[in-house]
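Undergrad: Structure provided below as structure tokens; questions to follow.
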Amino acid sequence: MVYFDYVRPQTLDDLLAGLRQADNEGAVLAGGTDLHVKIRAGAACPRVVFDISNLAPLRSIDDQGDQLRIGAAVSMTEIIASATLQRKAPALVAAACQMSSRQIRNRATLGGNIVTASPAADGIPPLLAADATLVLLGSAGRREVTLAEFLTGPGKTTLAQNEVLAEVLIPAEAPGCRSHFVKVGRRKAQAISIINLAGRMAIGQDGSVRDIRIALGAVAPTAMRARRAEAALLGNLPSAGNLAEAAALAAAECRPISDIRASASGRRLLVEAWTLRLLQTLCDKRGDMSGELPS
Amino acid sequence: MTSLILRVNGNDHALELEPHRSLLAVLREELGLTGTKEGCNAGDCGACTVLLDGAPVNACLILAVQAAGQEITTIEGVAEEGQLHPLQEAFIEYGAVQCGYCTPGMVLSSIALLRETPRPSRTEIQDALAGNLCRCTGYVQIVEAIQSVAEGRK
């Protein structure tokens, strides 16, 4: 049995002061769907938990025109229900819809998903594909870091001692941009992703790919951009040939491991098949997302 | 020790609790409301599902102190004045209860579903119940029981 004190800070200043005073023995509690599991498994031993689940500055979703701002303590259910995010961050909404279960989604937060930093996190690839930035608050004040820089390994981030993730900033998509998210798991719910992917594409007036981002999860120590796949498409007219080439490059450049959920070679197979379908969907070509692997 | 008031099934309970205790443990051990079950204590099985301000949540992953100020509904709060809820009657009629361990969570998740989506499709029912595991029934009778209520047959 792990004992800890519980504090519900009323302001961000109170939160930061409390974390400083707890001197790295404090833990931030939002949804608790990761933290409590870790505490019970002995993987986290805070002396005090700071409940941010009702801290107003961390709870809102704002469309600021040039960017979307999502507070770290916004729940998955709130993300799904947000008309703003359904319109402007549909891949993130799709990811949130496929996470876990309703009970978990009603509590789990976007900030928690990012800070837990599972390589298989579903919330991360859509944000990576959108070049999201994180706002961190701590002793050093307020700093911004790209999501890509923030993630350093399985469960590891650059979150400093006594620092808290406060906001997720997503640059607004250019008009005509399409995005999509795919989750592959052993079940339709309550499954840790075997692989997941998010893609974003904009096609120019001349039909060529003006912008392309492909983010892969669960196939490397952190979610990653498939940059070689992207490079094969950028500036080109999408064709069956170059979509297949991009999918093959994505499969080659990812670095999966074999684990309890799948083998490394199986993951590469899945990355190739699903990257192709993702790209077909983004190009508005026939993209069969019915769940059957190609023969 | 923290002093707090938990509002459960419309009743206020003044409690002195250590903050690390889960809502699940407090409901069962302090309030004697043992209808909410512990299946995994990790948020995987849904046997501990309660409604928090109407939303289904796993009570094992919520600290009791976090739930102060919110409306908690447990299975004990579903039947009114001794009259079973239509879902409870349907569960009995359709054989959706075998060992009964998942049932409180299933009923609460279904209540939340029907409030939000009065005529859910089979897929919507399955999605809403994805967080409630059953080892006995194979789910078919549970879905049929919910459909019968949704279609106004109960």
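Here, A, B, ... name the chains of the structure tokens in the order displayed, residue numbers run from 1 inside each chain, and ligands are numbered from 1 in the same displayed order.
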Kindly provide, as a list in words, the residues of chain B having any atom no farther than 8 Å from an atom of chain A, counting only C-alpha atoms.
TA: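 On the chain B side, the interface is Pro19, His20, Ala42, Gly43, Asp44, Gly46, Thr49, Ala55, Pro56, Val57, Asn58, Leu61, Ile62, Gln66, Asp127, Ala128, Leu129, Ala130 and Gly131 of chain B.
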Undergrad: Determine which residues of chain B receive a DSSP assignment of alpha helix (DSSP H), computed from the backbone, and state them as an MDAnalysis selection string.
TA: chainID B and resid 23:29 86:93 103:116 122:128 140:150
Undergrad: Extract, using only C-alpha atoms, all DNA, RNA and protein residues at most 12 Å from A:Arg210, discarding same-chain residues fewer than 4 positions from it, and format them as a list in words.
TA: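 Listed by chain and then number, they are Ala174, Pro175, Gly176, Cys177, Arg178, Arg200, Met201, Ala202, Ile203, Gly204, Gln205, Asp206, Glu230, Ala231, Leu233, Leu234, Gly235, Asn236, Leu237, Pro238 and Cys283 of chain A.
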Undergrad: Within 12 Å of B:Arg7, counting only C-alpha atoms, which residues qualify if same-chain residues fewer than 5 places away don't, as a ChimeraX atom specification?
TA: /B:12-15,23,27,31,51-53,64-65,67-74,77
Undergrad: Go ahead and write the residues just picked, all heavy atoms, as a compact mmCIF listing (two decimals), in the first residue's frame.
TA:
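Output contents, as saved in part.txt:
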```
# COMPACT_ATOMS: atom_id res chain seq x y z
N ASP B 12 -25.62 12.47 1.13
CA ASP B 12 -24.30 12.99 1.51
C ASP B 12 -23.71 12.17 2.65
O ASP B 12 -24.41 11.86 3.62
CB ASP B 12 -24.42 14.45 1.97
CG ASP B 12 -24.63 15.37 0.79
OD1 ASP B 12 -24.29 14.97 -0.35
OD2 ASP B 12 -25.11 16.50 0.99
N HIS B 13 -22.43 11.83 2.51
CA HIS B 13 -21.74 11.07 3.55
C HIS B 13 -20.50 11.85 3.96
O HIS B 13 -19.63 12.12 3.14
CB HIS B 13 -21.30 9.70 3.02
CG HIS B 13 -22.44 8.85 2.55
ND1 HIS B 13 -23.08 7.96 3.38
CD2 HIS B 13 -23.04 8.76 1.35
CE1 HIS B 13 -24.04 7.35 2.70
NE2 HIS B 13 -24.05 7.82 1.47
N ALA B 14 -20.43 12.21 5.26
CA ALA B 14 -19.24 12.89 5.77
C ALA B 14 -18.22 11.83 6.16
O ALA B 14 -18.52 10.90 6.89
CB ALA B 14 -19.61 13.74 6.98
N LEU B 15 -17.02 11.99 5.64
CA LEU B 15 -15.99 10.96 5.85
C LEU B 15 -14.66 11.59 6.22
O LEU B 15 -14.37 12.73 5.85
CB LEU B 15 -15.79 10.15 4.55
CG LEU B 15 -16.98 9.31 4.09
CD1 LEU B 15 -16.83 8.94 2.63
CD2 LEU B 15 -17.09 8.05 4.94
N LEU B 23 -11.85 5.46 -4.73
CA LEU B 23 -13.31 5.58 -4.58
C LEU B 23 -13.93 4.19 -4.43
O LEU B 23 -14.85 3.99 -3.63
CB LEU B 23 -13.89 6.31 -5.79
CG LEU B 23 -15.40 6.48 -5.82
CD1 LEU B 23 -15.90 7.29 -4.62
CD2 LEU B 23 -15.84 7.17 -7.12
N LEU B 27 -16.24 3.23 -1.27
CA LEU B 27 -17.64 2.84 -1.46
C LEU B 27 -17.92 1.52 -0.77
O LEU B 27 -18.93 1.35 -0.08
CB LEU B 27 -17.96 2.72 -2.96
CG LEU B 27 -18.06 4.02 -3.75
CD1 LEU B 27 -18.15 3.73 -5.26
CD2 LEU B 27 -19.27 4.84 -3.31
N LEU B 31 -18.66 2.81 3.11
CA LEU B 31 -20.09 3.03 2.94
C LEU B 31 -20.87 1.73 2.81
O LEU B 31 -22.09 1.77 2.70
CB LEU B 31 -20.34 3.92 1.71
CG LEU B 31 -19.70 5.31 1.77
CD1 LEU B 31 -20.04 6.12 0.53
CD2 LEU B 31 -20.13 6.06 3.03
N LEU B 51 -21.10 5.88 -11.97
CA LEU B 51 -21.32 7.11 -12.73
C LEU B 51 -20.85 8.28 -11.88
O LEU B 51 -21.23 8.39 -10.70
CB LEU B 51 -22.79 7.28 -13.10
CG LEU B 51 -23.42 6.15 -13.90
CD1 LEU B 51 -24.86 6.50 -14.25
CD2 LEU B 51 -22.63 5.84 -15.16
N LEU B 52 -20.03 9.13 -12.48
CA LEU B 52 -19.54 10.32 -11.80
C LEU B 52 -20.10 11.51 -12.57
O LEU B 52 -19.75 11.72 -13.74
CB LEU B 52 -18.01 10.32 -11.82
CG LEU B 52 -17.26 11.23 -10.87
CD1 LEU B 52 -17.63 10.95 -9.42
CD2 LEU B 52 -15.76 11.06 -11.06
N ASP B 53 -21.03 12.25 -11.94
CA ASP B 53 -21.77 13.28 -12.68
C ASP B 53 -22.34 12.70 -13.98
O ASP B 53 -22.28 13.31 -15.03
CB ASP B 53 -20.88 14.51 -12.97
CG ASP B 53 -20.60 15.33 -11.71
OD1 ASP B 53 -21.36 15.20 -10.73
OD2 ASP B 53 -19.62 16.09 -11.71
N ALA B 64 -10.96 8.68 -3.75
CA ALA B 64 -12.21 9.13 -3.13
C ALA B 64 -12.19 10.64 -2.94
O ALA B 64 -13.19 11.32 -3.18
CB ALA B 64 -12.43 8.42 -1.81
N VAL B 65 -11.04 11.18 -2.56
CA VAL B 65 -10.95 12.63 -2.31
C VAL B 65 -11.18 13.42 -3.59
O VAL B 65 -11.62 14.56 -3.54
CB VAL B 65 -9.61 13.04 -1.67
CG1 VAL B 65 -9.46 12.43 -0.30
CG2 VAL B 65 -8.44 12.67 -2.54
N ALA B 67 -13.43 12.71 -5.77
CA ALA B 67 -14.84 12.66 -6.13
C ALA B 67 -15.70 13.55 -5.24
O ALA B 67 -16.91 13.62 -5.44
CB ALA B 67 -15.33 11.22 -6.07
N ALA B 68 -15.09 14.21 -4.27
CA ALA B 68 -15.86 15.10 -3.41
C ALA B 68 -16.43 16.22 -4.27
O ALA B 68 -15.74 16.77 -5.11
CB ALA B 68 -14.96 15.68 -2.31
N GLY B 69 -17.70 16.53 -4.06
CA GLY B 69 -18.32 17.61 -4.83
C GLY B 69 -18.97 17.14 -6.11
O GLY B 69 -19.56 17.93 -6.85
N GLN B 70 -18.86 15.84 -6.40
CA GLN B 70 -19.51 15.31 -7.61
C GLN B 70 -20.61 14.33 -7.23
O GLN B 70 -20.64 13.82 -6.11
CB GLN B 70 -18.47 14.63 -8.49
CG GLN B 70 -17.43 15.62 -9.02
CD GLN B 70 -16.46 14.98 -9.99
OE1 GLN B 70 -15.43 14.46 -9.60
NE2 GLN B 70 -16.81 15.02 -11.26
N GLU B 71 -21.51 14.08 -8.17
CA GLU B 71 -22.60 13.13 -7.94
C GLU B 71 -22.12 11.74 -8.31
O GLU B 71 -21.78 11.50 -9.47
CB GLU B 71 -23.81 13.47 -8.83
CG GLU B 71 -24.42 14.82 -8.57
CD GLU B 71 -25.52 14.74 -7.53
OE1 GLU B 71 -25.92 13.61 -7.14
OE2 GLU B 71 -25.99 15.80 -7.09
N ILE B 72 -22.11 10.85 -7.36
CA ILE B 72 -21.69 9.47 -7.61
C ILE B 72 -22.94 8.60 -7.64
O ILE B 72 -23.76 8.66 -6.72
CB ILE B 72 -20.75 8.97 -6.49
CG1 ILE B 72 -19.52 9.88 -6.40
CG2 ILE B 72 -20.34 7.52 -6.73
CD1 ILE B 72 -18.78 9.77 -5.08
N THR B 73 -23.08 7.80 -8.67
CA THR B 73 -24.18 6.84 -8.75
C THR B 73 -23.60 5.44 -8.79
O THR B 73 -22.78 5.13 -9.65
CB THR B 73 -25.03 7.06 -10.01
OG1 THR B 73 -25.42 8.41 -10.10
CG2 THR B 73 -26.28 6.17 -9.99
N THR B 74 -24.01 4.62 -7.84
CA THR B 74 -23.61 3.21 -7.85
C THR B 74 -24.84 2.38 -8.21
O THR B 74 -25.95 2.90 -8.31
CB THR B 74 -23.08 2.75 -6.48
OG1 THR B 74 -24.19 2.71 -5.57
CG2 THR B 74 -22.01 3.70 -5.96
N GLY B 77 -28.02 2.70 -6.42
CA GLY B 77 -28.85 3.88 -6.66
C GLY B 77 -29.72 3.77 -7.90
O GLY B 77 -30.37 4.75 -8.29
```
Undergrad: Interatomic distance between atom CA of B:Ala150 and atom CA of B:Leu133?
TA: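 Here the two named atoms are 21.1 Å from each other.
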Undergrad: Quick one: pick out all strand (DSSP E) residues within stretch 23-259 of chain A from a backbone DSSP run and write them as a PyMOL selection string.
TA: chain A and resi 26-29+48-51+61-63+67-71+133-138+141-146+151-153+156-157+164-171+177-184+195-203+209-217+224-225
Undergrad: For a test of reading the model, state the distance in Å between atom CA of A:Ile214 and atom CA of A:Arg69, rounded to one decimal.
TA: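 Distance between the two atoms: 21.8 Å.
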Undergrad: So that I can see what lies close to A:Ala172, please list as a ChimeraX atom specification the residues with an atom at most 10 Å from it, counting only C-alpha atoms and leaving out residues fewer than 3 positions away in the same chain.
TA: /A:63-68,88-89,130-132,169,175,177
Undergrad: Tell me, in Å to one decimal, how far atom CA of A:Leu29 is from atom CA of A:Gly217.
TA: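 We find that atom CA of A:Leu29 and atom CA of A:Gly217 lie 24.9 Å from each other.
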Undergrad: May I have the residues within 10 Å of A:Ile70 as a PDB file with C-alpha atoms, in the first residue's frame, using only C-alpha atoms and disregarding those fewer than 2 positions away in the same chain?
TA:
```pdb
ATOM      1  CA  PRO A  57      -6.226  27.142 -17.365  1.00  0.00           C
ATOM      2  CA  LEU A  58      -5.475  23.499 -18.234  1.00  0.00           C
ATOM      3  CA  ARG A  59      -9.021  22.550 -19.141  1.00  0.00           C
ATOM      4  CA  SER A  60      -9.943  24.537 -22.205  1.00  0.00           C
ATOM      5  CA  ILE A  61      -9.853  24.011 -25.951  1.00  0.00           C
ATOM      6  CA  ASP A  62      -9.309  27.246 -27.880  1.00  0.00           C
ATOM      7  CA  ASP A  63      -9.183  28.033 -31.569  1.00  0.00           C
ATOM      8  CA  GLN A  67      -3.247  27.553 -33.833  1.00  0.00           C
ATOM      9  CA  LEU A  68      -5.368  25.326 -31.653  1.00  0.00           C
ATOM     10  CA  ALA A  72      -3.170  19.369 -20.777  1.00  0.00           C
ATOM     11  CA  ALA A  73      -6.013  18.329 -18.465  1.00  0.00           C
ATOM     12  CA  VAL A  74      -8.619  18.060 -21.227  1.00  0.00           C
ATOM     13  CA  ILE A  79     -11.586  16.019 -27.263  1.00  0.00           C
ATOM     14  CA  LEU A  85     -11.356  19.640 -32.846  1.00  0.00           C
ATOM     15  CA  LEU A 110      -4.150  14.426 -23.546  1.00  0.00           C
ATOM     16  CA  GLY A 111      -1.379  15.723 -21.305  1.00  0.00           C
ATOM     17  CA  LEU A 134       4.108  21.763 -25.916  1.00  0.00           C
ATOM     18  CA  ALA A 166       0.336  22.783 -19.429  1.00  0.00           C
ATOM     19  CA  GLU A 167      -0.779  23.112 -23.053  1.00  0.00           C
ATOM     20  CA  VAL A 168      -0.604  21.464 -26.429  1.00  0.00           C
ATOM     21  CA  LEU A 169      -0.395  23.870 -29.372  1.00  0.00           C
ATOM     22  CA  ILE A 170      -1.333  22.673 -32.836  1.00  0.00           C
TER      23      ILE A 170
END
```
Undergrad: Hey, what's within 9 Å of B:Gln147 if we count only C-alpha atoms and toss same-chain stuff fewer than 6 positions away? As a PyMOL selection string, please?
TA: chain B and resi 119-122+125+153
